[in-house]
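Trainee: Please find one structure pasted underneath; my questions will follow.
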Amino acid sequence: MTMVTIATMPTSKRFLSPRQLRGIGGVAACMAIWEIFAHSGLFSTALTPPLEDIARTLVSLVMSGTLFVNAAYTLARVAFGMGLAFVTAVPLGFLMARSRFVERFIMPLVSVLLPIPSLAWVPLFTLWLGIGDTATICVVVYAAFFPLLYNVWAGVRSVNPLWIRSAQAMGAGRWMLYRQVIWPGALPYVITGLRLSLGRAWIGVIGGELLASPVYGLGQLIFNAKEFLNASVMLSVLLFIGVMGVIFERFVFQPIEARTVRRWGMTSGS
């Protein structure tokens with residue numbers, strides 16, 4: 001009787017959805033592959049530590065506070081760089097989409113600079129600005145700026161002209177047009193641009209911390225561990241960065257999308 005009850009349990013009362021189960025299965029498969037590789041003997045366990053060593057090192061870094069201190073510095077650089085990129089890329093993207101003159105002036109620069117990896121600028125920024133936070137933050141701004149600028153431009157251009165003409169016919173002024181029509185219509189692209197920018201900002205900040213040599217940061221923690229051939233620390237930090245990415249997606253971007261994009265009816269609710 002109990003087995004029948006469990007089998008007919010409604011989907012809404014299950015602890016995990018099929019999508020979540022598939023995600024957990026993928027993570028478990030990756031962990032199993034790594035464990036097999038670590039014990040295969042191809043490399044020393046000092047270079048490919050098993051999962052239990054990585055977990056032990058991660059707990060040690062957390063308990064000592066080392067991980068959180070360095071993560072705080074890295075997050076501060078990412079937040080500051082993303083903030084600067086946002087306040088410059090969004091207005092410029094709107095201006096490019098609404099002005100042919102500005103678009104023809106800026107777009108060639110975007111086409112040239114967008115493919116250049118942010119890490120390629122680290123040596124130059126270090127020469128110009130010296131080692132430390134300034135050079136690292138500039139790398140973050142460069143990494144985050146262009147994906148966001150391009151997506152804002154594409155989002156504004158994708159807004160249905162019929163919506164704009166209808167709003168103007170009903171007497172909407174310039175400010176109301178931007179706030180009630182263009183901004184909501186471009187939001188899916190803006191959020192996508194933020195996601196891409198954050199990913200590139202993480203790449204930029206870790207690379208900047210590795211090469212521009214600030215005192216604290218997750219990149220510096222990885223670099224110091226490399227000097228002592230401490231693969232457990234490096235992999236623990238990489239795992240922490242991956243978890244941070246999941247947290248940003250689950251608790252930052254998805255709530256923003258739910259409260260803004262769906263509010264305007266631009267996507268279908270789940």
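Residue numbering restarts at 1 for every chain of the structure tokens, chains are lettered A, B, ... in their displayed order, and ligands are numbered from 1 as they appear.
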Quick one: everything within 9 Å of A:Thr136, counting only C-alpha atoms, minus sequence neighbours fewer than 2 positions away in the same chain. Send it as a compact mmCIF listing (two decimals) with N, CA and C atoms, in the first residue's frame.
Mentor:
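Output contents, as saved in around-v4.txt:
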# COMPACT_ATOMS: atom_id res chain seq x y z
N ARG A 77 36.10 43.41 -6.44
CA ARG A 77 36.62 43.84 -7.74
C ARG A 77 35.62 43.56 -8.85
N GLY A 81 33.87 46.54 -10.97
CA GLY A 81 34.05 46.54 -12.42
C GLY A 81 32.75 46.37 -13.17
N VAL A 122 46.14 42.44 -19.67
CA VAL A 122 46.69 42.49 -18.31
C VAL A 122 48.12 43.02 -18.29
N PHE A 125 47.92 46.85 -18.93
CA PHE A 125 47.33 47.56 -17.80
C PHE A 125 48.30 47.58 -16.62
N THR A 126 49.06 46.51 -16.44
CA THR A 126 50.03 46.47 -15.35
C THR A 126 51.16 47.46 -15.59
N ILE A 131 50.98 47.29 -10.49
CA ILE A 131 50.33 46.11 -9.94
C ILE A 131 49.34 46.54 -8.86
N GLY A 132 48.31 45.72 -8.67
CA GLY A 132 47.32 46.03 -7.64
C GLY A 132 45.91 46.05 -8.18
N ASP A 133 45.04 46.69 -7.41
CA ASP A 133 43.61 46.67 -7.69
C ASP A 133 43.23 47.41 -8.97
N THR A 134 43.86 48.53 -9.25
CA THR A 134 43.44 49.36 -10.38
C THR A 134 43.55 48.61 -11.69
N CYS A 138 40.37 47.35 -14.06
CA CYS A 138 40.29 47.75 -15.47
C CYS A 138 40.11 46.53 -16.37
N VAL A 139 40.76 45.43 -16.04
CA VAL A 139 40.56 44.20 -16.80
C VAL A 139 39.11 43.74 -16.69
N VAL A 140 38.54 43.83 -15.49
CA VAL A 140 37.14 43.43 -15.29
C VAL A 140 36.20 44.32 -16.10
N VAL A 141 36.44 45.62 -16.07
CA VAL A 141 35.60 46.55 -16.83
C VAL A 141 35.67 46.24 -18.31
N GLY A 204 38.25 37.63 -16.26
CA GLY A 204 39.16 38.77 -16.20
C GLY A 204 39.74 38.99 -14.82
N VAL A 205 38.91 38.87 -13.78
CA VAL A 205 39.40 39.15 -12.43
C VAL A 205 40.39 38.09 -11.97
N ILE A 206 40.11 36.82 -12.28
CA ILE A 206 41.05 35.76 -11.88
C ILE A 206 42.37 35.92 -12.63
N GLY A 207 42.29 36.19 -13.94
CA GLY A 207 43.51 36.43 -14.70
C GLY A 207 44.26 37.65 -14.22
N GLY A 208 43.52 38.72 -13.90
CA GLY A 208 44.17 39.92 -13.39
C GLY A 208 44.85 39.68 -12.06
N GLU A 209 44.20 38.91 -11.19
CA GLU A 209 44.81 38.62 -9.89
C GLU A 209 46.01 37.70 -10.03
N LEU A 211 48.11 37.74 -12.65
CA LEU A 211 49.21 38.42 -13.33
C LEU A 211 49.53 39.80 -12.77
N ALA A 212 48.52 40.50 -12.25
CA ALA A 212 48.76 41.86 -11.73
C ALA A 212 49.15 41.86 -10.27
N SER A 213 49.15 40.69 -9.64
CA SER A 213 49.71 40.47 -8.30
C SER A 213 49.14 41.34 -7.20
N PRO A 214 47.82 41.43 -7.04
CA PRO A 214 47.30 42.06 -5.83
C PRO A 214 47.57 41.16 -4.63
Trainee: Tell me which of A:Gln254, A:Ser197, A:Asn151, A:Thr192 sits closest to A:Leu92, counting only C-alpha atoms.
Mentor: A:Asn151
Trainee: Name the closest residue to A:Ala79 among the candidates A:Ile33, A:Ala225, A:Leu239, A:Ile137; distances are taken between atoms, counting only C-alpha atoms.
Mentor: A:Ile137
Trainee: Calculated over only C-alpha atoms, which of the candidates A:Gln180, A:Thr88, A:Thr260, A:Ser99 has the smallest distance to A:Phe146?
Mentor: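 Using only C-alpha atoms, A:Phe146 sits closest to A:Thr88.
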Trainee: Just how far from atom CA of A:Trp202 is atom CA of A:Tyr73, in Å to one decimal?
Mentor: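 Interatomic distance here is 12.5 Å.
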Trainee: Write out as a list of chain:residue names the residues lying within 12 Å of A:Val69, counting only C-alpha atoms and excluding same-chain residues fewer than 6 positions away.
Mentor: A:Leu61, A:Val62, A:Met63, A:Leu75, A:Ala76, A:Val215, A:Tyr216, A:Gly217, A:Leu218, A:Gln220, A:Leu221
Trainee: Using C-alpha atoms, can you write the selected residues to a file as an mmCIF file, in the first residue's frame?
Mentor:
data_model
loop_
_atom_site.group_PDB
_atom_site.id
_atom_site.type_symbol
_atom_site.label_atom_id
_atom_site.label_comp_id
_atom_site.auth_asym_id
_atom_site.auth_seq_id
_atom_site.Cartn_x
_atom_site.Cartn_y
_atom_site.Cartn_z
ATOM 1 C CA LEU A 61 40.243 26.920 3.785
ATOM 2 C CA VAL A 62 36.705 27.698 4.939
ATOM 3 C CA MET A 63 37.410 27.074 8.633
ATOM 4 C CA LEU A 75 33.885 39.817 -5.373
ATOM 5 C CA ALA A 76 34.541 43.471 -4.577
ATOM 6 C CA VAL A 215 47.813 40.947 -2.241
ATOM 7 C CA TYR A 216 44.472 39.166 -1.844
ATOM 8 C CA GLY A 217 42.093 37.433 -4.225
ATOM 9 C CA LEU A 218 41.097 33.986 -5.420
ATOM 10 C CA GLN A 220 46.320 35.093 -6.054
ATOM 11 C CA LEU A 221 45.346 32.117 -3.901
#
Trainee: Going by DSSP on the backbone, which residues of stretch 156-234 of chain A come out as alpha helix (DSSP H)? List them as a VMD selection string.
Mentor: chain A and resid 156 to 158 161 to 169 174 to 177 183 to 211 218 to 227 231 to 234
Trainee: Can you work out which one of A:Leu149, A:Ile191, A:Ile164, A:Ala120 has the shortest atom-to-atom distance to A:Ala85, counting only C-alpha atoms?
Mentor: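 Closest to A:Ala85, using only C-alpha atoms: A:Leu149.
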Trainee: Which residues are near A:Phe240? Cut-off 12 Å, only C-alpha atoms, ignore same chain within fewer than 2 positions. Put them as a ChimeraX atom specification.
Mentor: /A:54-55,57-59,61-62,67-68,70-71,218-219,222,233-238,242-247
Trainee: A:Gly93: which residues within 7 Å, counting only C-alpha atoms, same-chain residues fewer than 2 positions away excluded, as a list of chain:residue names?
Mentor: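 Counting only C-alpha atoms, the residues come to A:Ala89, A:Val90, A:Pro91, A:Leu95, A:Met96, A:Ala97, A:Leu149, A:Tyr150, A:Val152, A:Trp153.
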Trainee: Atom CA of A:Arg56 and atom CA of A:Ala38, how far apart in Å?
Mentor: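 Between atom CA of A:Ala38 and atom CA of A:Arg56 the gap works out to 15.5 Å.
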Trainee: I'd like to know which of A:Val78, A:Ala46, A:Val159, A:Leu51 is closest to A:Trp34, using only C-alpha atoms.
Mentor: A:Leu51
Trainee: What is the atom CA of A:Pro147 to atom CA of A:Phe253 distance in Å?
Mentor: 16.1 Å
